[in-house]
$ cat upload03.txt   # compact mmCIF, C-alpha atoms
# COMPACT_ATOMS: atom_id res chain seq x y z
CA MET A 292 29.17 8.76 -15.58
CA ALA A 293 30.91 11.64 -13.81
CA ASN A 294 28.47 11.81 -10.92
CA GLN A 295 28.54 8.14 -9.94
CA THR A 296 29.48 8.31 -6.29
CA LYS A 297 28.28 5.37 -4.19
CA PRO A 298 24.49 5.30 -3.85
CA VAL A 299 23.03 5.50 -0.34
CA LEU A 300 20.10 3.29 0.62
CA HIS A 301 18.03 4.48 3.55
CA GLY A 302 16.19 1.32 4.56
CA TYR A 303 15.26 -1.19 7.22
CA PHE A 304 16.46 -4.78 7.39
CA ARG A 305 12.95 -6.24 7.52
CA SER A 306 11.20 -3.89 5.07
CA SER A 307 10.26 -5.88 1.96
CA CYS A 308 10.57 -2.77 -0.23
CA SER A 309 14.10 -2.10 1.08
CA TRP A 310 14.98 -5.75 0.41
CA ARG A 311 13.82 -5.37 -3.20
CA VAL A 312 16.32 -2.56 -3.73
CA ARG A 313 19.12 -4.51 -2.03
CA ILE A 314 18.49 -7.44 -4.40
CA ALA A 315 18.66 -5.15 -7.44
CA PHE A 316 21.97 -3.62 -6.30
CA ALA A 317 23.36 -7.10 -5.63
CA LEU A 318 22.25 -8.51 -9.01
CA LYS A 319 23.90 -5.57 -10.76
CA GLY A 320 27.01 -5.79 -8.57
CA VAL A 321 26.63 -2.16 -7.47
CA GLU A 322 28.31 -1.15 -4.22
CA TYR A 323 26.23 1.09 -1.99
CA ASP A 324 26.07 2.39 1.56
CA GLN A 325 23.20 1.62 3.92
CA VAL A 326 21.73 4.04 6.44
CA PRO A 327 19.36 2.19 8.78
CA ILE A 328 15.99 3.78 9.45
CA ASN A 329 14.48 1.91 12.35
CA LEU A 330 10.71 1.79 11.78
CA ILE A 331 9.99 0.84 15.41
CA ARG A 332 12.58 2.58 17.61
CA ASP A 333 11.98 6.18 18.81
CA GLY A 334 8.35 5.83 17.66
CA GLY A 335 9.59 5.32 14.08
CA GLN A 336 12.67 7.05 12.68
CA GLN A 337 10.93 7.42 9.31
CA LEU A 338 8.70 10.04 10.94
CA THR A 339 11.45 12.59 11.63
CA GLN A 340 11.45 15.89 9.80
CA GLU A 341 14.93 15.08 8.48
CA TYR A 342 13.84 11.80 6.89
CA LYS A 343 10.69 13.41 5.49
CA THR A 344 12.84 15.50 3.17
CA LEU A 345 14.24 12.26 1.69
CA ASN A 346 10.88 10.51 1.38
CA PRO A 347 7.81 12.66 2.01
CA MET A 348 5.72 9.46 2.31
CA GLN A 349 7.78 8.71 5.45
CA GLN A 350 8.38 5.16 4.35
CA VAL A 351 11.48 3.20 3.44
CA PRO A 352 13.34 2.97 1.16
CA ALA A 353 14.77 6.27 -0.02
CA VAL A 354 17.81 6.15 -2.27
CA GLU A 355 20.31 8.92 -2.97
CA ILE A 356 21.81 8.16 -6.35
CA ASP A 357 23.54 10.21 -9.06
CA GLY A 358 22.57 13.48 -7.40
CA ILE A 359 18.85 12.76 -7.04
CA THR A 360 16.77 11.21 -4.28
CA LEU A 361 14.29 8.54 -5.25
CA SER A 362 11.62 6.69 -3.35
CA GLN A 363 9.25 3.93 -4.52
CA SER A 364 11.25 0.73 -4.93
CA LEU A 365 10.15 -0.16 -8.47
CA ALA A 366 11.16 3.27 -9.73
CA VAL A 367 14.54 2.81 -8.04
CA ILE A 368 15.02 -0.71 -9.45
CA GLN A 369 14.21 0.40 -13.00
CA TYR A 370 16.55 3.39 -12.65
CA ILE A 371 19.36 1.08 -11.52
CA ASN A 372 18.54 -1.22 -14.41
CA GLU A 373 18.64 1.55 -16.97
CA THR A 374 21.85 3.23 -15.76
CA ARG A 375 24.08 0.35 -14.57
CA PRO A 376 25.79 -2.40 -16.56
CA GLY A 377 25.31 -6.05 -15.62
CA PRO A 378 22.41 -8.45 -16.15
CA ARG A 379 19.18 -6.76 -17.26
CA LEU A 380 16.39 -6.81 -14.68
CA LEU A 381 13.59 -6.60 -17.27
CA PRO A 382 13.42 -8.78 -20.40
CA ALA A 383 14.19 -7.40 -23.86
CA ASP A 384 10.88 -8.63 -25.32
CA PRO A 385 8.07 -6.07 -24.76
CA LYS A 386 5.43 -8.71 -23.96
CA LYS A 387 7.63 -10.42 -21.41
CA ARG A 388 8.60 -7.03 -20.00
CA ALA A 389 4.88 -6.24 -19.59
CA GLN A 390 4.37 -9.54 -17.78
CA VAL A 391 7.27 -8.73 -15.45
CA ARG A 392 5.71 -5.36 -14.67
CA MET A 393 2.26 -6.92 -14.23
CA ILE A 394 3.58 -9.40 -11.65
CA SER A 395 5.70 -6.74 -9.94
CA ASP A 396 2.72 -4.37 -9.69
CA LEU A 397 0.36 -7.09 -8.53
CA ILE A 398 2.70 -7.44 -5.54
CA ALA A 399 3.77 -3.79 -5.16
CA SER A 400 0.28 -2.30 -5.58
CA GLY A 401 -2.05 -5.23 -4.93
CA ILE A 402 -0.52 -6.87 -1.87
CA GLN A 403 2.29 -5.06 -0.06
CA PRO A 404 0.58 -1.67 0.51
CA LEU A 405 -2.27 -3.44 2.30
CA GLN A 406 -0.03 -5.13 4.84
CA ASN A 407 2.62 -2.48 5.42
CA LEU A 408 3.37 -1.19 8.90
CA TYR A 409 1.48 2.10 8.70
CA VAL A 410 -1.70 0.48 7.40
CA ILE A 411 -1.80 -2.38 9.88
CA GLN A 412 -1.14 0.04 12.72
CA LYS A 413 -4.28 1.83 11.54
CA VAL A 414 -6.21 -1.46 11.31
CA GLY A 415 -5.38 -2.15 14.97
CA ALA A 416 -6.37 -5.33 16.76
CA GLU A 417 -7.36 -7.16 13.58
CA LYS A 418 -4.00 -6.61 11.91
CA MET A 419 -2.94 -10.26 11.79
CA GLN A 420 -6.14 -11.46 10.08
CA TRP A 421 -6.20 -8.38 7.83
CA SER A 422 -2.64 -8.94 6.55
CA HIS A 423 -3.18 -12.68 6.20
CA HIS A 424 -6.33 -12.04 4.17
CA PHE A 425 -4.75 -9.60 1.71
CA ILE A 426 -1.58 -11.62 1.15
CA ASP A 427 -3.60 -14.81 0.66
CA ARG A 428 -5.93 -13.06 -1.77
CA GLY A 429 -2.97 -11.74 -3.74
CA PHE A 430 -1.28 -15.13 -3.88
CA GLN A 431 -4.51 -16.73 -5.13
CA ALA A 432 -4.29 -14.37 -8.13
CA LEU A 433 -0.53 -14.62 -8.52
CA GLU A 434 -0.36 -18.42 -8.61
CA PRO A 435 -2.32 -18.93 -11.90
CA ILE A 436 -0.46 -16.01 -13.53
CA LEU A 437 2.93 -17.47 -12.58
CA LYS A 438 1.82 -20.91 -13.75
CA GLN A 439 1.50 -19.37 -17.22
CA THR A 440 4.57 -17.10 -17.27
CA ALA A 441 7.18 -18.99 -15.23
CA GLY A 442 10.11 -21.01 -16.41
CA LYS A 443 12.95 -21.36 -13.95
CA TYR A 444 11.96 -17.92 -12.61
CA CYS A 445 8.79 -15.77 -12.59
CA VAL A 446 8.87 -14.94 -16.31
CA GLY A 447 10.80 -17.47 -18.35
CA ASP A 448 14.31 -18.43 -17.35
CA GLU A 449 15.75 -14.97 -16.66
CA ILE A 450 15.79 -13.34 -13.23
CA SER A 451 13.77 -10.12 -13.33
CA MET A 452 12.10 -7.43 -11.26
CA ALA A 453 9.19 -9.86 -10.76
CA ASP A 454 11.50 -12.22 -8.85
CA ILE A 455 12.86 -9.26 -6.90
CA CYS A 456 9.28 -8.55 -5.74
CA LEU A 457 8.26 -12.16 -5.15
CA VAL A 458 10.83 -13.29 -2.59
CA PRO A 459 10.35 -10.44 -0.08
CA GLN A 460 6.58 -10.87 -0.36
CA VAL A 461 6.85 -14.58 0.45
CA TYR A 462 8.97 -13.61 3.45
CA ASN A 463 6.15 -11.33 4.60
CA ALA A 464 3.58 -14.06 3.90
CA GLU A 465 5.43 -16.36 6.27
CA ARG A 466 5.55 -13.67 8.95
CA PHE A 467 1.76 -13.42 8.69
CA LYS A 468 1.33 -17.23 8.76
CA VAL A 469 0.10 -17.65 5.19
CA ASP A 470 0.45 -21.30 4.13
CA VAL A 471 2.68 -20.86 1.09
CA GLY A 472 2.47 -24.61 0.45
CA GLN A 473 -0.98 -23.97 -1.06
CA TYR A 474 0.77 -22.16 -3.92
CA PRO A 475 3.14 -24.66 -5.54
CA THR A 476 4.49 -22.34 -8.23
CA ILE A 477 5.16 -19.50 -5.78
CA LYS A 478 6.80 -21.98 -3.40
CA ARG A 479 9.02 -23.49 -6.10
CA LEU A 480 10.15 -20.12 -7.46
CA ASN A 481 10.88 -18.75 -4.00
CA GLN A 482 13.00 -21.77 -3.11
CA ALA A 483 14.98 -21.54 -6.36
CA LEU A 484 15.56 -17.80 -5.92
CA LEU A 485 16.70 -18.10 -2.31
CA GLU A 486 19.62 -20.21 -3.57
CA ILE A 487 20.95 -17.27 -5.58
CA GLU A 488 23.75 -15.20 -4.07
CA ALA A 489 22.10 -11.79 -4.66
CA PHE A 490 19.01 -12.90 -2.73
CA LYS A 491 21.13 -14.36 0.07
CA VAL A 492 23.40 -11.37 0.72
CA SER A 493 20.43 -9.00 0.73
CA HIS A 494 18.33 -11.14 3.11
CA PRO A 495 16.85 -9.44 6.22
CA SER A 496 18.73 -11.92 8.41
CA CYS A 497 22.17 -10.47 7.57
CA GLN A 498 21.94 -6.70 7.23
CA PRO A 499 23.94 -4.14 9.24
CA ASP A 500 20.83 -3.29 11.26
CA THR A 501 19.58 -6.85 11.82
CA PRO A 502 19.20 -7.40 15.59
CA ASP A 503 21.34 -10.22 16.99
CA ASP A 504 18.40 -12.47 17.83
CA LEU A 505 17.21 -12.41 14.21
CA ARG A 506 20.60 -13.05 12.61
CA ALA A 507 21.01 -16.16 10.51
CA MET K 743 2.99 -5.64 -36.35
CA ALA K 744 1.07 -8.56 -37.79
CA ASN K 745 -0.99 -9.26 -34.68
CA GLN K 746 -2.27 -5.75 -34.06
CA THR K 747 -6.00 -6.25 -33.95
CA LYS K 748 -7.88 -3.67 -31.89
CA PRO K 749 -7.10 -3.94 -28.17
CA VAL K 750 -10.03 -4.63 -25.82
CA LEU K 751 -10.27 -2.79 -22.51
CA HIS K 752 -12.39 -4.46 -19.84
CA GLY K 753 -13.06 -1.58 -17.48
CA TYR K 754 -15.53 0.52 -15.55
CA PHE K 755 -16.32 4.16 -16.26
CA ARG K 756 -15.55 5.31 -12.73
CA SER K 757 -12.51 3.12 -11.99
CA SER K 758 -9.44 5.34 -11.76
CA CYS K 759 -7.18 2.52 -13.00
CA SER K 760 -9.40 2.02 -16.07
CA TRP K 761 -9.32 5.76 -16.70
CA ARG K 762 -5.50 5.69 -16.65
CA VAL K 763 -5.49 3.16 -19.48
CA ARG K 764 -8.09 5.14 -21.46
CA ILE K 765 -5.89 8.26 -21.21
CA ALA K 766 -2.85 6.33 -22.47
CA PHE K 767 -4.77 4.96 -25.47
CA ALA K 768 -6.09 8.45 -26.23
CA LEU K 769 -2.66 10.13 -25.98
CA LYS K 770 -1.23 7.53 -28.34
CA GLY K 771 -4.24 7.76 -30.69
CA VAL K 772 -4.89 4.01 -30.41
CA GLU K 773 -8.40 2.79 -31.21
CA TYR K 774 -9.75 0.17 -28.84
CA ASP K 775 -12.97 -1.53 -27.85
CA GLN K 776 -14.45 -1.25 -24.37
CA VAL K 777 -16.23 -4.06 -22.53
CA PRO K 778 -17.91 -2.65 -19.42
CA ILE K 779 -17.46 -4.60 -16.18
CA ASN K 780 -19.93 -3.18 -13.71
CA LEU K 781 -18.32 -3.30 -10.27
CA ILE K 782 -21.65 -2.81 -8.48
CA ARG K 783 -24.36 -4.55 -10.52
CA ASP K 784 -25.02 -8.32 -9.99
CA GLY K 785 -22.92 -8.16 -6.83
CA GLY K 786 -19.91 -7.13 -8.96
CA GLN K 787 -19.31 -8.45 -12.47
CA GLN K 788 -15.55 -8.59 -11.79
CA LEU K 789 -16.25 -11.54 -9.49
CA THR K 790 -17.50 -13.93 -12.20
CA GLN K 791 -15.48 -17.01 -13.09
CA GLU K 792 -15.32 -15.76 -16.68
CA TYR K 793 -13.75 -12.43 -15.71
CA LYS K 794 -11.36 -14.12 -13.28
CA THR K 795 -9.60 -15.78 -16.23
CA LEU K 796 -8.87 -12.27 -17.60
CA ASN K 797 -7.74 -10.79 -14.30
CA PRO K 798 -7.26 -13.23 -11.42
CA MET K 799 -7.22 -10.26 -8.99
CA GLN K 800 -10.87 -9.70 -10.00
CA GLN K 801 -10.27 -6.00 -10.49
CA VAL K 802 -10.47 -3.71 -13.49
CA PRO K 803 -8.87 -3.10 -15.89
CA ALA K 804 -7.89 -6.11 -17.95
CA VAL K 805 -6.64 -5.49 -21.46
CA GLU K 806 -6.46 -7.95 -24.33
CA ILE K 807 -3.72 -6.72 -26.63
CA ASP K 808 -1.46 -8.30 -29.27
CA GLY K 809 -2.50 -11.81 -28.24
CA ILE K 810 -1.83 -11.44 -24.51
CA THR K 811 -3.99 -10.38 -21.57
CA LEU K 812 -2.56 -7.82 -19.19
CA SER K 813 -3.75 -6.40 -15.90
CA GLN K 814 -2.16 -3.73 -13.66
CA SER K 815 -2.61 -0.38 -15.34
CA LEU K 816 1.01 0.81 -15.18
CA ALA K 817 2.20 -2.39 -16.89
CA VAL K 818 -0.43 -1.82 -19.58
CA ILE K 819 0.48 1.85 -20.05
CA GLN K 820 4.19 1.09 -20.40
CA TYR K 821 3.44 -1.73 -22.85
CA ILE K 822 1.34 0.67 -24.95
CA ASN K 823 4.14 3.20 -24.74
CA GLU K 824 6.79 0.74 -25.87
CA THR K 825 4.84 -0.78 -28.76
CA ARG K 826 2.82 2.13 -30.24
CA PRO K 827 3.99 5.20 -32.11
CA GLY K 828 2.95 8.67 -31.03
CA PRO K 829 4.12 10.87 -28.13
CA ARG K 830 6.23 9.06 -25.55
CA LEU K 831 4.58 8.60 -22.15
CA LEU K 832 7.88 8.43 -20.23
CA PRO K 833 10.73 10.93 -20.72
CA ALA K 834 13.91 10.00 -22.59
CA ASP K 835 16.17 11.11 -19.71
CA PRO K 836 16.66 8.27 -17.13
CA LYS K 837 16.44 10.59 -14.11
CA LYS K 838 13.21 12.17 -15.30
CA ARG K 839 11.88 8.73 -16.20
CA ALA K 840 12.65 7.61 -12.63
CA GLN K 841 10.79 10.63 -11.27
CA VAL K 842 7.79 9.82 -13.46
CA ARG K 843 7.78 6.25 -12.14
CA MET K 844 8.23 7.47 -8.54
CA ILE K 845 5.19 9.76 -8.81
CA SER K 846 3.16 7.12 -10.64
CA ASP K 847 3.98 4.50 -7.99
CA LEU K 848 3.34 6.89 -5.13
CA ILE K 849 -0.22 7.08 -6.47
CA ALA K 850 -0.60 3.52 -7.78
CA SER K 851 0.94 1.80 -4.74
CA GLY K 852 0.75 4.44 -2.01
CA ILE K 853 -2.74 5.85 -2.44
CA GLN K 854 -5.14 4.09 -4.80
CA PRO K 855 -4.89 0.54 -3.38
CA LEU K 856 -5.94 1.85 0.03
CA GLN K 857 -9.15 3.41 -1.24
CA ASN K 858 -10.25 0.96 -3.87
CA LEU K 859 -13.67 -0.65 -3.75
CA TYR K 860 -12.68 -4.04 -2.37
CA VAL K 861 -10.66 -2.55 0.47
CA ILE K 862 -13.21 0.02 1.57
CA GLN K 863 -15.92 -2.64 1.48
CA LYS K 864 -13.75 -4.54 3.95
CA VAL K 865 -13.24 -1.43 6.09
CA GLY K 866 -17.01 -1.06 6.37
CA ALA K 867 -18.71 1.82 8.19
CA GLU K 868 -15.53 3.90 8.45
CA LYS K 869 -14.86 3.82 4.71
CA MET K 870 -15.34 7.52 4.06
CA GLN K 871 -12.87 8.64 6.78
CA TRP K 872 -10.46 5.81 5.85
CA SER K 873 -10.32 6.81 2.18
CA HIS K 874 -10.14 10.51 3.01
CA HIS K 875 -7.23 9.83 5.37
CA PHE K 876 -5.16 7.83 2.90
CA ILE K 877 -5.70 10.16 -0.04
CA ASP K 878 -4.91 13.20 2.09
CA ARG K 879 -1.76 11.54 3.45
CA GLY K 880 -0.65 10.68 -0.09
CA PHE K 881 -1.28 14.21 -1.35
CA GLN K 882 0.73 15.66 1.55
CA ALA K 883 3.71 13.67 0.23
CA LEU K 884 2.96 14.26 -3.43
CA GLU K 885 2.70 18.06 -3.22
CA PRO K 886 6.37 18.75 -2.20
CA ILE K 887 7.62 16.21 -4.75
CA LEU K 888 5.61 17.81 -7.56
CA LYS K 889 6.75 21.25 -6.47
CA GLN K 890 10.28 20.09 -7.29
CA THR K 891 9.62 18.10 -10.48
CA ALA K 892 6.77 19.95 -12.19
CA GLY K 893 6.88 22.32 -15.09
CA LYS K 894 3.67 22.61 -17.09
CA TYR K 895 2.98 19.00 -16.14
CA CYS K 896 4.05 16.61 -13.34
CA VAL K 897 7.64 16.21 -14.57
CA GLY K 898 8.82 19.08 -16.70
CA ASP K 899 6.77 20.21 -19.67
CA GLU K 900 5.99 16.83 -21.22
CA ILE K 901 2.84 14.85 -20.46
CA SER K 902 3.78 11.50 -18.91
CA MET K 903 2.51 8.47 -17.03
CA ALA K 904 2.67 10.58 -13.86
CA ASP K 905 -0.01 12.90 -15.27
CA ILE K 906 -2.02 9.86 -16.33
CA CYS K 907 -2.03 8.74 -12.68
CA LEU K 908 -2.59 12.18 -11.14
CA VAL K 909 -5.86 13.22 -12.77
CA PRO K 910 -7.90 10.08 -11.91
CA GLN K 911 -6.56 10.24 -8.34
CA VAL K 912 -7.72 13.84 -7.97
CA TYR K 913 -11.13 12.72 -9.27
CA ASN K 914 -11.22 10.11 -6.48
CA ALA K 915 -10.03 12.68 -3.95
CA GLU K 916 -13.01 14.85 -4.81
CA ARG K 917 -15.39 11.90 -4.46
CA PHE K 918 -14.02 11.38 -0.95
CA LYS K 919 -14.28 15.11 -0.10
CA VAL K 920 -10.56 15.83 0.12
CA ASP K 921 -9.94 19.57 -0.11
CA VAL K 922 -7.64 19.64 -3.15
CA GLY K 923 -7.28 23.42 -2.71
CA GLN K 924 -4.78 22.67 0.10
CA TYR K 925 -2.40 21.33 -2.57
CA PRO K 926 -1.74 24.18 -5.01
CA THR K 927 0.62 22.28 -7.31
CA ILE K 928 -1.68 19.25 -7.56
CA LYS K 929 -4.62 21.58 -8.19
CA ARG K 930 -2.82 23.56 -10.90
CA LEU K 931 -1.57 20.46 -12.73
CA ASN K 932 -4.97 18.79 -12.60
CA GLN K 933 -6.67 21.86 -14.04
CA ALA K 934 -4.13 22.13 -16.87
CA LEU K 935 -4.42 18.44 -17.71
CA LEU K 936 -8.21 18.43 -17.76
CA GLU K 937 -8.03 20.90 -20.66
CA ILE K 938 -6.26 18.31 -22.82
CA GLU K 939 -8.35 16.33 -25.28
CA ALA K 940 -7.03 12.88 -24.25
CA PHE K 941 -8.07 13.53 -20.65
CA LYS K 942 -11.48 14.84 -21.74
CA VAL K 943 -12.51 11.98 -24.05
CA SER K 944 -11.46 9.40 -21.45
CA HIS K 945 -13.29 11.07 -18.54
CA PRO K 946 -15.69 8.95 -16.46
CA SER K 947 -18.53 11.30 -17.37
CA CYS K 948 -18.61 10.24 -21.03
CA GLN K 949 -17.93 6.52 -21.33
CA PRO K 950 -20.22 3.91 -22.95
CA ASP K 951 -21.18 2.60 -19.49
CA THR K 952 -21.62 5.99 -17.77
CA PRO K 953 -25.15 6.10 -16.28
CA ASP K 954 -27.34 8.91 -17.64
CA ASP K 955 -27.46 10.80 -14.33
CA LEU K 956 -23.66 11.04 -14.21
CA ARG K 957 -23.19 12.12 -17.83
CA ALA K 958 -21.53 15.44 -18.51

$ encode --input "upload03.txt" --output "structure tokens"
Amino acid sequence: MANQTKPVLHGYFRSSCSWRVRIAFALKGVEYDQVPINLIRDGGQQLTQEYKTLNPMQQVPAVEIDGITLSQSLAVIQYINETRPGPRLLPADPKKRAQVRMISDLIASGIQPLQNLYVIQKVGAEKMQWSHHFIDRGFQALEPILKQTAGKYCVGDEISMADICLVPQVYNAERFKVDVGQYPTIKRLNQALLEIEAFKVSHPSCQPDTPDDLRA
Amino acid sequence: MANQTKPVLHGYFRSSCSWRVRIAFALKGVEYDQVPINLIRDGGQQLTQEYKTLNPMQQVPAVEIDGITLSQSLAVIQYINETRPGPRLLPADPKKRAQVRMISDLIASGIQPLQNLYVIQKVGAEKMQWSHHFIDRGFQALEPILKQTAGKYCVGDEISMADICLVPQVYNAERFKVDVGQYPTIKRLNQALLEIEAFKVSHPSCQPDTPDDLRA
């Protein structure tokens, strides 16, 4: 395509939604630039007027790609999938594709929004229990679904958008002290996926904006 | 297809996620059966062990279709779109399709999960202000995006999944006393869409489980 300059990811090393996009770029072998948006410093750099024009929800990520600006990580991932060569991120079979989207949305609509920074700031003192509760509840639903759909990865033996959503959510679960050992399928899949190069290079522990004390 | 018996939608007349699926079926002209799951009666019929096998998240909708059971309305809508003839529910152009998914996810991940029944029950006494806050915040982000993408409908002049998400969210906004008049593009699009047959026949005011006092 004529307008394929390098995409720019505005994200944060520890944001699970930014990590999703980094995994998708890595799986597709797409080079991109990162602009760090520090969600904590200066009261939250996502709240500036300048950033608001990129993502009016004032959240990360926002991605400039092919002349448009996109937010919402699953929309970005599917756009990358549909416009870039390399391994497909959703299966060819419509039923399997629906299962990938179901698992992705269970995480992206059913879990993550309830434990994101803005919401838990609003919850206040109870934020640890609140986040723990909603992640645990989501994993209780996810485990039996994955038991049915999983092969080597979330849906069969092909890495997909569902895997891209799972690993960053497990990372958040651990931050909020959820005992992932209770969910043997989730635990097994997460371990297998963390061995894969695209999940390693995109990990929060090794991004340009990762603070020194959190570096792997 | 050989296995196309009538799909079964397990839903609730007033659930915005159930309404999304009803609109998609109606736009595609697909006949389906409805099984009402009353979210209030008996302490919540979505909480039974029997329903949990259909949707482990214990939310509506759940859809039995082509021999599989799907939850998460956007996964269901895209499956319907990809397997049924009739007007497409996502645009052919990848950039427009990405915008449709961005708008859909802004609603389905960024607004609705924060005001759904389970969450506001957990919020307790503050639930009206909480829901009002999160819908208003989402609409403040949605309005400038729609101003850029909209033609007659949310993205250009073709009805899409974004419209399917918008109308039920405006319905919820009104329930929680959000002044939709502050958002001229959202208001205009909602009014135009409510004139369309598929949005009318699927409306919460005329479903099999709509109580008599809420019937249109």

$ closest_residue --input "upload03.txt" --among "A:Leu345, A:Ala389, A:Gln340, A:Phe316" --to "Asn372 (chain A)" --atoms "only C-alpha atoms"
A:Phe316

$ residues_around --input "upload03.txt" --residues "Gln949 (chain K)" --least-positions-apart "5" --cutoff "12 Å" --atoms "all atoms listed in the file" --output "list in words"
Gly753, Tyr754, Phe755, Arg756, Ser757, Ser760, Trp761, Arg764, Asp775, Gln776, Val777, Pro778, Lys942, Val943, Ser944, Asp954, Leu956, Arg957 and Ala958 of chain K

$ atom_distance --input "upload03.txt" --atom1 "CA of Leu361 (chain A)" --atom2 "CA of Leu848 (chain K)"
11.1 Å

$ closest_residue --input "upload03.txt" --among "A:Ile331, A:Val446, A:Leu485, A:Val299" --to "Gln350 (chain A)" --atoms "all atoms listed in the file"
A:Ile331

$ closest_residue --input "upload03.txt" --among "A:Val321, A:Met348, A:Ile356, A:Val410" --to "Asp847 (chain K)" --atoms "all atoms listed in the file"
A:Met348

$ closest_residue --input "upload03.txt" --among "A:Ala366, A:Ile328, A:Ile477, A:Ile411" --to "chain K" --atoms "only C-alpha atoms"
A:Ala366

$ interface_residues --input "upload03.txt" --of "chain A" --to "chain K" --cutoff "8 Å" --atoms "only C-alpha atoms" --output "count of residues only"
35

$ atom_distance --input "upload03.txt" --atom1 "CA of His945 (chain K)" --atom2 "CA of Thr790 (chain K)"
26.1 Å
